[in-house]
$ cat start-v8.txt   # compact mmCIF, C-alpha atoms and all ligand atoms
# COMPACT_ATOMS: atom_id res chain seq x y z
CA MET A 22 7.15 -2.53 8.10
CA GLN A 23 9.39 -3.75 10.90
CA LEU A 24 10.70 -0.21 11.41
CA ALA A 25 7.23 1.34 11.15
CA LEU A 26 6.01 -1.02 13.87
CA LEU A 27 9.05 -0.24 16.03
CA ALA A 28 8.56 3.49 15.50
CA ALA A 29 4.95 2.97 16.54
CA GLY A 30 6.23 1.58 19.83
CA ILE A 31 5.43 -2.12 19.44
CA GLN A 32 6.70 -4.06 22.46
CA PRO A 33 7.31 -7.78 22.89
CA GLY A 34 3.98 -9.54 23.34
CA ASP A 35 1.96 -6.83 21.58
CA GLU A 36 -0.46 -8.25 19.04
CA VAL A 37 -0.67 -6.92 15.50
CA ILE A 38 -3.66 -7.91 13.37
CA THR A 39 -3.07 -8.64 9.70
CA THR A 40 -4.38 -10.75 6.84
CA PRO A 41 -3.32 -14.32 6.06
CA VAL A 42 -3.68 -13.59 2.32
CA THR A 43 -0.38 -11.80 1.86
CA PHE A 44 3.30 -12.14 1.16
CA ILE A 45 5.15 -13.81 4.03
CA GLY A 46 7.12 -10.61 4.67
CA THR A 47 4.02 -8.86 6.02
CA ALA A 48 3.61 -11.27 8.91
CA ASN A 49 7.37 -11.74 9.33
CA SER A 50 7.78 -7.99 9.87
CA ILE A 51 5.54 -8.25 12.95
CA ILE A 52 7.77 -10.97 14.38
CA MET A 53 10.89 -8.96 13.46
CA ALA A 54 9.51 -6.04 15.47
CA GLY A 55 8.97 -8.33 18.47
CA GLY A 56 5.19 -8.47 18.10
CA THR A 57 2.82 -11.40 17.73
CA PRO A 58 0.96 -11.77 14.43
CA VAL A 59 -2.78 -12.29 14.77
CA PHE A 60 -4.73 -13.02 11.61
CA ALA A 61 -8.18 -11.88 10.60
CA ASP A 62 -10.06 -13.49 7.70
CA VAL A 63 -10.69 -11.69 4.42
CA ASP A 64 -13.62 -10.46 2.39
CA ARG A 65 -14.46 -12.96 -0.36
CA ALA A 66 -15.28 -10.27 -2.94
CA THR A 67 -11.96 -8.40 -2.78
CA ALA A 68 -9.62 -10.77 -0.87
CA ASN A 69 -8.78 -7.82 1.41
CA ILE A 70 -8.95 -8.06 5.19
CA ASP A 71 -12.53 -8.04 6.49
CA PRO A 72 -13.06 -5.21 9.03
CA ALA A 73 -15.62 -7.30 10.96
CA CYS A 74 -13.00 -10.04 11.39
CA VAL A 75 -10.44 -7.42 12.50
CA GLU A 76 -12.83 -6.24 15.18
CA ALA A 77 -13.46 -9.80 16.34
CA ALA A 78 -9.70 -10.45 16.63
CA ILE A 79 -9.03 -7.53 19.01
CA THR A 80 -7.84 -8.42 22.52
CA GLU A 81 -6.42 -6.34 25.36
CA ARG A 82 -2.94 -7.00 23.89
CA THR A 83 -3.76 -5.62 20.42
CA ARG A 84 -1.55 -2.61 19.60
CA ALA A 85 -1.75 -2.27 15.82
CA ILE A 86 -3.55 -3.23 12.63
CA LEU A 87 -1.52 -3.98 9.50
CA PRO A 88 -3.93 -4.00 6.53
CA VAL A 89 -2.51 -5.11 3.18
CA HIS A 90 -3.86 -3.35 0.08
CA LEU A 91 -3.92 -6.55 -1.92
CA TYR A 92 -3.40 -6.80 -5.67
CA GLY A 93 -3.62 -2.98 -5.96
CA GLN A 94 -6.95 -2.36 -4.24
CA MET A 95 -6.95 -0.56 -0.91
CA CYS A 96 -8.72 -2.12 2.07
CA ASP A 97 -11.84 -0.52 3.48
CA MET A 98 -9.84 2.15 5.28
CA THR A 99 -12.95 3.96 6.47
CA ALA A 100 -14.03 0.91 8.45
CA ILE A 101 -10.48 0.09 9.61
CA CYS A 102 -9.92 3.64 10.93
CA ASP A 103 -13.32 3.53 12.65
CA ILE A 104 -12.12 0.42 14.50
CA ALA A 105 -8.58 1.66 15.22
CA ARG A 106 -9.04 5.29 16.25
CA PRO A 107 -11.37 4.96 19.27
CA ARG A 108 -9.19 2.15 20.64
CA GLY A 109 -5.90 4.00 20.09
CA LEU A 110 -4.57 1.30 17.76
CA VAL A 111 -1.77 2.13 15.34
CA VAL A 112 -2.44 1.51 11.64
CA VAL A 113 0.47 0.51 9.41
CA GLU A 114 -0.58 0.09 5.78
CA ASP A 115 1.21 -2.51 3.65
CA ALA A 116 1.06 -0.67 0.33
CA ALA A 117 3.57 -2.87 -1.49
CA HIS A 118 0.97 -3.49 -4.23
CA SER A 119 -0.63 -0.09 -4.07
CA LEU A 120 1.61 2.87 -4.76
CA GLU A 121 -0.97 4.41 -7.11
CA SER A 122 -4.12 3.29 -5.26
CA GLU A 123 -6.73 5.47 -3.63
CA TRP A 124 -9.63 4.97 -1.23
CA ASN A 125 -12.22 7.73 -1.54
CA GLY A 126 -9.62 9.80 -3.40
CA LYS A 127 -6.90 9.42 -0.73
CA LYS A 128 -3.69 7.47 -1.13
CA PRO A 129 -1.98 4.99 1.21
CA GLY A 130 -0.49 6.98 4.08
CA HIS A 131 -3.51 9.25 4.37
CA TYR A 132 -5.48 6.90 6.62
CA GLY A 133 -2.76 4.99 8.45
CA ASP A 134 -0.08 6.27 10.81
CA PHE A 135 2.44 4.75 8.42
CA ALA A 136 2.31 3.32 4.90
CA CYS A 137 5.04 1.05 3.56
CA PHE A 138 5.88 0.75 -0.13
CA SER A 139 7.99 -1.79 -1.99
CA PHE A 140 10.17 -1.22 -5.03
CA TYR A 141 11.13 -4.88 -5.36
CA ALA A 142 11.65 -6.20 -8.88
CA THR A 143 8.07 -7.43 -9.32
CA LYS A 144 6.38 -4.19 -8.28
CA ASN A 145 4.69 -1.54 -10.46
CA ILE A 146 7.87 0.53 -10.29
CA THR A 147 11.17 -0.87 -9.12
CA SER A 148 14.69 -0.12 -8.02
CA GLY A 149 15.48 -3.84 -7.92
CA GLU A 150 15.30 -3.84 -4.14
CA GLY A 151 14.14 -1.16 -1.77
CA GLY A 152 11.12 0.50 -0.29
CA ALA A 153 9.78 3.59 1.40
CA ILE A 154 7.76 4.52 4.45
CA SER A 155 5.42 7.46 4.73
CA SER A 156 4.72 8.74 8.21
CA ARG A 157 2.19 11.30 9.44
CA ASP A 158 4.30 12.38 12.42
CA ALA A 159 7.49 14.45 12.08
CA ALA A 160 9.07 13.02 15.24
CA LYS A 161 8.41 9.46 14.05
CA THR A 162 9.92 10.33 10.67
CA GLU A 163 13.09 11.47 12.45
CA LEU A 164 13.10 8.25 14.47
CA LEU A 165 12.67 6.19 11.29
CA ARG A 166 15.66 7.94 9.73
CA LYS A 167 17.74 6.74 12.68
CA LEU A 168 16.27 3.24 12.79
CA ARG A 169 17.14 2.68 9.14
CA LEU A 170 20.83 3.55 9.58
CA HIS A 171 22.37 2.10 12.74
CA GLY A 172 20.75 4.75 14.91
CA PHE A 173 23.04 7.52 13.56
CA ASP A 174 21.67 11.00 14.12
CA LYS A 175 23.45 12.14 10.92
CA SER A 176 23.55 10.49 7.51
CA ALA A 177 26.83 9.79 5.71
CA LEU A 178 26.07 12.76 3.46
CA GLU A 179 25.84 15.05 6.48
CA ARG A 180 28.94 13.55 8.07
CA TYR A 181 31.24 13.72 5.06
CA SER A 182 30.03 16.38 2.59
CA ASN A 183 31.62 19.47 4.10
CA HIS A 184 33.57 19.52 7.34
CA PHE A 185 33.44 16.34 9.33
CA GLU A 186 30.50 16.49 11.71
CA ARG A 187 30.41 14.79 15.06
CA TYR A 188 27.63 12.24 15.33
CA ASP A 189 25.85 10.40 18.09
CA VAL A 190 23.79 7.22 18.37
CA ASP A 191 20.98 7.45 20.89
CA THR A 192 18.87 4.56 19.64
CA PHE A 193 19.52 1.07 18.31
CA GLY A 194 19.20 0.87 14.53
CA TRP A 195 19.51 -1.35 11.49
CA LYS A 196 21.16 -1.11 8.05
CA TYR A 197 17.98 -0.67 5.99
CA ASN A 198 18.80 2.52 4.09
CA MET A 199 18.37 2.73 0.34
CA ASP A 200 21.71 3.32 -1.38
CA ASN A 201 22.20 6.07 -3.96
CA ILE A 202 22.60 3.66 -6.88
CA HIS A 203 19.20 2.07 -6.32
CA ALA A 204 17.72 5.51 -5.61
CA ALA A 205 19.00 6.79 -8.97
CA ILE A 206 17.09 3.98 -10.71
CA LEU A 207 14.00 4.74 -8.65
CA VAL A 208 14.05 8.46 -9.50
CA GLU A 209 13.72 7.53 -13.18
CA GLN A 210 11.05 4.91 -12.47
CA ILE A 211 8.93 7.39 -10.52
CA LYS A 212 8.62 9.51 -13.67
CA LYS A 213 6.99 6.52 -15.39
CA VAL A 214 4.40 5.65 -12.73
CA GLU A 215 1.31 7.05 -14.44
CA GLY A 216 2.33 5.81 -17.92
CA PHE A 217 2.89 2.28 -16.65
CA LEU A 218 -0.38 2.43 -14.71
CA ALA A 219 -2.39 3.53 -17.76
CA ARG A 220 -1.25 0.38 -19.60
CA ARG A 221 -1.89 -1.83 -16.56
CA VAL A 222 -5.44 -0.43 -16.33
CA GLU A 223 -6.06 -1.34 -19.99
CA ILE A 224 -4.80 -4.89 -19.51
CA TYR A 225 -6.74 -5.33 -16.27
CA ALA A 226 -9.94 -4.09 -17.93
CA ARG A 227 -9.52 -6.49 -20.85
CA TYR A 228 -8.97 -9.44 -18.49
CA ALA A 229 -11.95 -8.41 -16.35
CA GLU A 230 -14.15 -8.20 -19.45
CA ALA A 231 -12.93 -11.54 -20.79
CA PHE A 232 -12.98 -13.55 -17.55
CA GLY A 233 -16.10 -11.93 -16.08
CA GLY A 234 -18.48 -14.28 -17.86
CA ILE A 235 -16.70 -17.64 -18.12
CA ASP A 236 -18.04 -20.76 -16.43
CA GLY A 237 -15.56 -22.10 -13.91
CA ILE A 238 -13.78 -18.76 -13.41
CA GLU A 239 -14.52 -16.13 -10.77
CA ILE A 240 -12.83 -12.78 -10.40
CA HIS A 241 -12.59 -10.34 -7.52
CA SER A 242 -14.55 -7.12 -7.63
CA ILE A 243 -13.42 -3.52 -7.32
CA ARG A 244 -15.17 -1.40 -4.68
CA PRO A 245 -16.58 1.93 -5.89
CA GLU A 246 -14.42 3.79 -3.34
CA ALA A 247 -11.23 2.31 -4.82
CA ARG A 248 -8.80 3.42 -7.50
CA HIS A 249 -7.05 0.16 -8.39
CA ALA A 250 -3.28 0.07 -8.98
CA CYS A 251 -3.76 -3.07 -11.14
CA HIS A 252 -0.71 -4.76 -9.66
CA LEU A 253 -2.01 -8.31 -9.98
CA PHE A 254 -4.93 -9.86 -11.83
CA THR A 255 -6.07 -13.10 -10.26
CA ILE A 256 -8.77 -15.61 -11.13
CA LEU A 257 -10.40 -18.18 -8.88
CA VAL A 258 -10.94 -21.68 -10.25
CA ASP A 259 -12.21 -24.97 -8.83
CA ARG A 260 -10.22 -25.92 -5.73
CA ALA A 261 -9.73 -29.55 -6.67
CA ARG A 262 -8.41 -28.71 -10.14
CA ARG A 263 -6.37 -25.54 -9.39
CA ASP A 264 -2.92 -27.15 -9.37
CA ARG A 265 -3.60 -29.10 -12.59
CA ILE A 266 -4.94 -25.95 -14.29
CA LEU A 267 -1.89 -23.98 -13.11
CA GLU A 268 0.43 -26.64 -14.49
CA GLU A 269 -1.34 -26.92 -17.83
CA ILE A 270 -1.47 -23.15 -18.40
CA GLN A 271 2.30 -23.11 -17.97
CA ASN A 272 2.72 -26.10 -20.28
CA ARG A 273 0.97 -24.05 -22.96
CA GLY A 274 3.40 -21.16 -22.58
CA VAL A 275 1.76 -18.72 -20.15
CA GLY A 276 3.55 -17.78 -16.92
CA VAL A 277 1.27 -17.94 -13.89
CA SER A 278 1.71 -18.03 -10.13
CA VAL A 279 -0.11 -18.17 -6.78
CA ASN A 280 -0.53 -15.00 -4.71
CA PHE A 281 -0.82 -16.16 -2.01
CA TYR A 282 -0.79 -19.42 -0.10
CA PRO A 283 -2.22 -18.35 3.29
CA VAL A 284 0.54 -17.38 5.70
CA HIS A 285 -0.94 -19.13 8.75
CA LEU A 286 -0.61 -22.50 6.99
CA MET A 287 3.10 -22.11 6.25
CA THR A 288 5.06 -24.72 8.22
CA TYR A 289 6.89 -22.14 10.35
CA TYR A 290 3.64 -20.46 11.38
CA ARG A 291 1.87 -23.73 12.07
CA GLU A 292 4.74 -24.98 14.20
CA ARG A 293 5.38 -21.72 16.06
CA PHE A 294 1.80 -20.53 16.57
CA GLY A 295 -0.21 -23.76 16.25
CA PHE A 296 -2.42 -22.68 13.34
CA ARG A 297 -4.51 -25.42 11.73
CA PRO A 298 -6.49 -25.60 8.48
CA GLY A 299 -9.98 -24.21 8.99
CA ALA A 300 -8.84 -21.23 11.08
CA PHE A 301 -9.52 -18.69 8.29
CA PRO A 302 -11.87 -20.38 5.81
CA VAL A 303 -12.22 -17.58 3.25
CA ALA A 304 -8.46 -17.00 3.11
CA GLU A 305 -7.89 -20.73 2.73
CA ASP A 306 -10.48 -21.01 -0.03
CA ILE A 307 -8.87 -18.15 -1.97
CA GLY A 308 -5.40 -19.63 -1.37
CA ALA A 309 -6.56 -22.98 -2.78
CA ARG A 310 -8.28 -21.49 -5.84
CA THR A 311 -6.30 -18.46 -6.92
CA ILE A 312 -4.11 -18.11 -10.01
CA SER A 313 -2.26 -14.87 -10.95
CA LEU A 314 -2.07 -14.05 -14.65
CA PRO A 315 0.68 -12.12 -16.47
CA LEU A 316 0.22 -8.37 -15.97
CA TYR A 317 2.94 -5.90 -16.94
CA PRO A 318 3.00 -2.84 -19.23
CA LYS A 319 5.03 -4.47 -22.00
CA LEU A 320 2.42 -7.17 -22.70
CA THR A 321 1.24 -6.77 -26.28
CA GLY A 322 -2.39 -6.94 -27.37
CA GLU A 323 -1.63 -10.27 -29.07
CA GLU A 324 -0.08 -11.71 -25.92
CA ILE A 325 -3.06 -10.62 -23.84
CA GLU A 326 -5.46 -12.41 -26.22
CA PHE A 327 -3.21 -15.48 -26.12
CA VAL A 328 -3.37 -15.50 -22.31
CA ILE A 329 -7.17 -15.18 -22.36
CA GLN A 330 -7.61 -17.96 -24.93
CA THR A 331 -5.15 -20.30 -23.22
CA VAL A 332 -6.61 -19.85 -19.74
CA THR A 333 -10.18 -20.24 -21.02
CA ASP A 334 -9.30 -23.42 -22.94
CA VAL A 335 -7.42 -24.97 -20.06
CA VAL A 336 -10.21 -24.29 -17.54
CA ARG A 337 -12.73 -25.86 -19.93
CA GLU A 338 -10.57 -28.89 -20.79
CA THR A 339 -8.90 -29.74 -17.47
C1 LIG E 401 1.98 -7.56 0.05
C2 LIG E 401 3.47 -7.45 0.15
N1 LIG E 401 4.01 -6.90 1.24
C3 LIG E 401 5.34 -6.78 1.38
C4 LIG E 401 6.21 -7.23 0.42
C5 LIG E 401 7.66 -7.10 0.69
O1 LIG E 401 8.29 -6.14 -0.05
P1 LIG E 401 9.89 -6.22 -0.21
O2 LIG E 401 10.18 -7.35 -1.13
O3 LIG E 401 10.23 -4.88 -0.79
O4 LIG E 401 10.44 -6.41 1.15
C6 LIG E 401 5.71 -7.82 -0.75
C7 LIG E 401 6.52 -8.34 -1.86
O5 LIG E 401 7.66 -8.23 -2.12
C8 LIG E 401 4.30 -7.94 -0.88
O6 LIG E 401 3.78 -8.53 -1.96

$ encode --input "start-v8.txt" --output "structure tokens"
Amino acid sequence: MQLALLAAGIQPGDEVITTPVTFIGTANSIIMAGGTPVFADVDRATANIDPACVEAAITERTRAILPVHLYGQMCDMTAICDIARPRGLVVVEDAAHSLESEWNGKKPGHYGDFACFSFYATKNITSGEGGAISSRDAAKTELLRKLRLHGFDKSALERYSNHFERYDVDTFGWKYNMDNIHAAILVEQIKKVEGFLARRVEIYARYAEAFGGIDGIEIHSIRPEARHACHLFTILVDRARRDRILEEIQNRGVGVSVNFYPVHLMTYYRERFGFRPGAFPVAEDIGARTISLPLYPKLTGEEIEFVIQTVTDVVRET
């Protein structure tokens, strides 16, 4: 995402609008590219960035929008493009959760100028570490190839495979290339995408059915335009009891987590940018109430029922 923003021409002082309900790396990438992160609150139903809040956050310094397709559901890309295009704003999609997702039948990378994917260990497919960028512009793709490898205009493969080839560096670059060993793992994982997804969809559907009607538990909804990648399944519980519920679910043998504590309330962001609680009320409410449940293809039917029973009991009893 840092390189996508740099390829998009982000300059120091440019503002990039993103969501506070995301992994810290989303906002950090804006800072790494020299930009200033500006947050826009989220839609309560999906936890994705709210286009109306994006529009309200635009200033004369805004250069880009960085929507995050959270949990596996794409943002309202129709509305985001309608805001971005007439103003000439760049759109970089954070598709770390959403390799398989679609919005009106189109995948990440269709709507934005760039889409960024993650193959980190927790993702739907993984090479351990690594990621990918899709770009809609051939010249930007060439630039990205340089930015990811010290600015070289030739890869090591091109330099060493046959006769030695002279190379040049005409731009500053980083060491962000994927190595062949990780790529070999990823090639095999890519073959499994749809199989893994089919199982994730089953698990997600079972959770949605089970948790849809339980007092004290709310779940996010899926928009009709969206094909969900079912990366994470989260529930919302009572704010005052969330941490006790989280603790007790773990005590009873189910692994849970929080995705995400709002980025603007992290100490670094408070101290550097002066954010205070209350700035983004919906994001803060979700951050204080959310719990992520186990969701991975190898979960057995028995384990899924155990998760459902345990979570339901704990919410009732705590
Ligand atoms: C929404 C989101 N964006 C970006 C990232 C960063 O991806 P990576 O770990 O590959 O840098 C993650 C998680 O890892 C994420 O959850």

$ closest_residue --input "start-v8.txt" --among "A:Asn280, A:Thr83, A:Thr288, A:Asn201" --to "ligand LIG 401 (chain E)" --atoms "all atoms listed in the file"
A:Asn280

$ closest_residue --input "start-v8.txt" --among "A:Val113, A:Ile243, A:Val63, A:Ala68" --to "Arg84 in chain A" --atoms "only C-alpha atoms"
A:Val113

$ residues_around --input "start-v8.txt" --residues "range 218-230 of chain A" --least-positions-apart "4" --cutoff "9 Å" --atoms "only C-alpha atoms" --output "PyMOL selection string"
chain A and resi 121+145+213-214+234+240+249-254+316-320+322+325-326+329

$ write_last_selection --input "start-v8.txt" --atoms "C-alpha atoms" --output "short mmCIF file (atom, residue, chain, number, x, y, z; two decimals), keeping the file's coordinate frame"
data_model
loop_
_atom_site.label_atom_id
_atom_site.label_comp_id
_atom_site.auth_asym_id
_atom_site.auth_seq_id
_atom_site.Cartn_x
_atom_site.Cartn_y
_atom_site.Cartn_z
CA GLU A 121 -0.97 4.41 -7.11
CA ASN A 145 4.69 -1.54 -10.46
CA LYS A 213 6.99 6.52 -15.39
CA VAL A 214 4.40 5.65 -12.73
CA GLY A 234 -18.48 -14.28 -17.86
CA ILE A 240 -12.83 -12.78 -10.40
CA HIS A 249 -7.05 0.16 -8.39
CA ALA A 250 -3.28 0.07 -8.98
CA CYS A 251 -3.76 -3.07 -11.14
CA HIS A 252 -0.71 -4.76 -9.66
CA LEU A 253 -2.01 -8.31 -9.98
CA PHE A 254 -4.93 -9.86 -11.83
CA LEU A 316 0.22 -8.37 -15.97
CA TYR A 317 2.94 -5.90 -16.94
CA PRO A 318 3.00 -2.84 -19.23
CA LYS A 319 5.03 -4.47 -22.00
CA LEU A 320 2.42 -7.17 -22.70
CA GLY A 322 -2.39 -6.94 -27.37
CA ILE A 325 -3.06 -10.62 -23.84
CA GLU A 326 -5.46 -12.41 -26.22
CA ILE A 329 -7.17 -15.18 -22.36
#

$ residues_around --input "start-v8.txt" --residues "Ile52 in chain A" --least-positions-apart "3" --cutoff "10 Å" --atoms "only C-alpha atoms" --output "mmCIF file with C-alpha atoms, in the coordinates of the input"
data_model
loop_
_atom_site.group_PDB
_atom_site.id
_atom_site.type_symbol
_atom_site.label_atom_id
_atom_site.label_comp_id
_atom_site.auth_asym_id
_atom_site.auth_seq_id
_atom_site.Cartn_x
_atom_site.Cartn_y
_atom_site.Cartn_z
ATOM 1 C CA GLN A 23 9.390 -3.750 10.900
ATOM 2 C CA PRO A 33 7.310 -7.780 22.890
ATOM 3 C CA GLY A 34 3.980 -9.540 23.340
ATOM 4 C CA GLU A 36 -0.460 -8.250 19.040
ATOM 5 C CA VAL A 37 -0.670 -6.920 15.500
ATOM 6 C CA GLY A 46 7.120 -10.610 4.670
ATOM 7 C CA THR A 47 4.020 -8.860 6.020
ATOM 8 C CA ALA A 48 3.610 -11.270 8.910
ATOM 9 C CA ASN A 49 7.370 -11.740 9.330
ATOM 10 C CA GLY A 55 8.970 -8.330 18.470
ATOM 11 C CA GLY A 56 5.190 -8.470 18.100
ATOM 12 C CA THR A 57 2.820 -11.400 17.730
ATOM 13 C CA PRO A 58 0.960 -11.770 14.430
#

$ closest_residue --input "start-v8.txt" --among "A:Ala77, A:Ile270, A:Ile51, A:Val284" --to "Arg337 in chain A" --atoms "only C-alpha atoms"
A:Ile270

$ atom_distance --input "start-v8.txt" --atom1 "CA of Met53 in chain A" --atom2 "CA of Ile104 in chain A"
24.9 Å

$ closest_residue --input "start-v8.txt" --among "A:Thr147, A:Ser50, A:Ser119, A:Ser139" --to "ligand LIG 401 (chain E)" --atoms "all atoms listed in the file"
A:Ser139

$ residues_around --input "start-v8.txt" --residues "range 299-309 of chain A" --least-positions-apart "5" --cutoff "9 Å" --atoms "only C-alpha atoms" --output "number ranges by chain"
A: 40-42, 60-65, 68, 257-261, 263-264, 279-283, 285-286

$ atom_distance --input "start-v8.txt" --atom1 "CA of Leu91 in chain A" --atom2 "CA of Gly194 in chain A"
29.3 Å

$ closest_residue --input "start-v8.txt" --among "A:Leu178, A:Cys137, A:Leu207, A:Ile79" --to "ligand LIG 401 (chain E)" --atoms "all atoms listed in the file"
A:Cys137

$ closest_residue --input "start-v8.txt" --among "A:Val277, A:Leu165, A:Ala66, A:Leu87" --to "Pro315 in chain A" --atoms "all atoms listed in the file"
A:Val277

$ residues_near_ligand --input "start-v8.txt" --ligand "ligand LIG 401 (chain E)" --cutoff "7 Å" --atoms "all atoms listed in the file" --output "JSON, numbers by chain"
{"A": [43, 44, 46, 47, 89, 91, 115, 116, 117, 118, 139, 140, 141, 150, 151, 152]}

$ write_last_selection --input "start-v8.txt" --atoms "C-alpha atoms" --output "mmCIF file, in the frame of the given file"
data_model
loop_
_atom_site.group_PDB
_atom_site.id
_atom_site.type_symbol
_atom_site.label_atom_id
_atom_site.label_comp_id
_atom_site.auth_asym_id
_atom_site.auth_seq_id
_atom_site.Cartn_x
_atom_site.Cartn_y
_atom_site.Cartn_z
ATOM 1 C CA THR A 43 -0.380 -11.800 1.860
ATOM 2 C CA PHE A 44 3.300 -12.140 1.160
ATOM 3 C CA GLY A 46 7.120 -10.610 4.670
ATOM 4 C CA THR A 47 4.020 -8.860 6.020
ATOM 5 C CA VAL A 89 -2.510 -5.110 3.180
ATOM 6 C CA LEU A 91 -3.920 -6.550 -1.920
ATOM 7 C CA ASP A 115 1.210 -2.510 3.650
ATOM 8 C CA ALA A 116 1.060 -0.670 0.330
ATOM 9 C CA ALA A 117 3.570 -2.870 -1.490
ATOM 10 C CA HIS A 118 0.970 -3.490 -4.230
ATOM 11 C CA SER A 139 7.990 -1.790 -1.990
ATOM 12 C CA PHE A 140 10.170 -1.220 -5.030
ATOM 13 C CA TYR A 141 11.130 -4.880 -5.360
ATOM 14 C CA GLU A 150 15.300 -3.840 -4.140
ATOM 15 C CA GLY A 151 14.140 -1.160 -1.770
ATOM 16 C CA GLY A 152 11.120 0.500 -0.290
#

$ atom_distance --input "start-v8.txt" --atom1 "CA of Leu120 in chain A" --atom2 "CA of Leu314 in chain A"
19.9 Å

$ axis_aligned_box --input "start-v8.txt" --around "range 46-49 of chain A" --padding-each-side "8 Å" --output "lines of an AutoDock Vina configuration file"
center_x = 5.5
center_y = -10.3
center_z = 7.0
size_x = 19.8
size_y = 18.9
size_z = 20.7

$ residues_around --input "start-v8.txt" --residues "Gly149 in chain A" --least-positions-apart "6" --cutoff "12 Å" --atoms "all atoms listed in the file" --output "list in words"
Ser139, Phe140, Tyr141, Ala142, Thr143, Met199, Asp200, Ile202, His203, Ala204, Ala205, Ile206, Leu207 and Gln210 of chain A

$ residues_around --input "start-v8.txt" --residues "Glu123 in chain A" --least-positions-apart "5" --cutoff "8 Å" --atoms "all atoms listed in the file" --output "ChimeraX atom specification"
/A:94-95,128-129,246-249

$ decode --input "start-v8.txt" --residues "range 91-130 of chain A" --atoms "C-alpha atoms" --output "mmCIF file, in the first residue's frame"
data_model
loop_
_atom_site.group_PDB
_atom_site.id
_atom_site.type_symbol
_atom_site.label_atom_id
_atom_site.label_comp_id
_atom_site.auth_asym_id
_atom_site.auth_seq_id
_atom_site.Cartn_x
_atom_site.Cartn_y
_atom_site.Cartn_z
ATOM 1 C CA LEU A 91 -13.236 -5.442 5.849
ATOM 2 C CA TYR A 92 -13.747 -9.038 6.965
ATOM 3 C CA GLY A 93 -14.171 -10.112 3.308
ATOM 4 C CA GLN A 94 -16.919 -7.736 2.212
ATOM 5 C CA MET A 95 -16.079 -5.028 -0.302
ATOM 6 C CA CYS A 96 -16.911 -1.415 0.491
ATOM 7 C CA ASP A 97 -19.587 0.396 -1.483
ATOM 8 C CA MET A 98 -17.258 0.925 -4.434
ATOM 9 C CA THR A 99 -19.987 2.479 -6.564
ATOM 10 C CA ALA A 100 -20.381 5.319 -4.072
ATOM 11 C CA ILE A 101 -16.627 5.618 -3.434
ATOM 12 C CA CYS A 102 -15.849 5.897 -7.166
ATOM 13 C CA ASP A 103 -18.641 8.453 -7.555
ATOM 14 C CA ILE A 104 -16.884 10.559 -4.911
ATOM 15 C CA ALA A 105 -13.328 9.986 -6.174
ATOM 16 C CA ARG A 106 -13.606 10.258 -9.961
ATOM 17 C CA PRO A 107 -15.017 13.792 -10.396
ATOM 18 C CA ARG A 108 -12.451 15.113 -7.907
ATOM 19 C CA GLY A 109 -9.496 13.284 -9.483
ATOM 20 C CA LEU A 110 -8.770 11.359 -6.277
ATOM 21 C CA VAL A 111 -6.756 8.140 -6.458
ATOM 22 C CA VAL A 112 -8.394 5.008 -5.030
ATOM 23 C CA VAL A 113 -6.169 2.352 -3.463
ATOM 24 C CA GLU A 114 -8.148 -0.666 -2.255
ATOM 25 C CA ASP A 115 -6.919 -2.551 0.815
ATOM 26 C CA ALA A 116 -8.034 -6.026 -0.229
ATOM 27 C CA ALA A 117 -6.044 -7.920 2.402
ATOM 28 C CA HIS A 118 -9.267 -9.634 3.554
ATOM 29 C CA SER A 119 -10.877 -9.814 0.157
ATOM 30 C CA LEU A 120 -9.009 -11.743 -2.499
ATOM 31 C CA GLU A 121 -12.181 -13.586 -3.545
ATOM 32 C CA SER A 122 -14.664 -10.750 -2.970
ATOM 33 C CA GLU A 123 -16.805 -9.005 -5.542
ATOM 34 C CA TRP A 124 -18.921 -5.857 -5.692
ATOM 35 C CA ASN A 125 -21.590 -6.067 -8.390
ATOM 36 C CA GLY A 126 -19.664 -8.979 -9.899
ATOM 37 C CA LYS A 127 -16.316 -7.142 -10.049
ATOM 38 C CA LYS A 128 -13.269 -7.946 -7.966
ATOM 39 C CA PRO A 129 -10.908 -5.666 -6.036
ATOM 40 C CA GLY A 130 -8.754 -3.842 -8.571
#
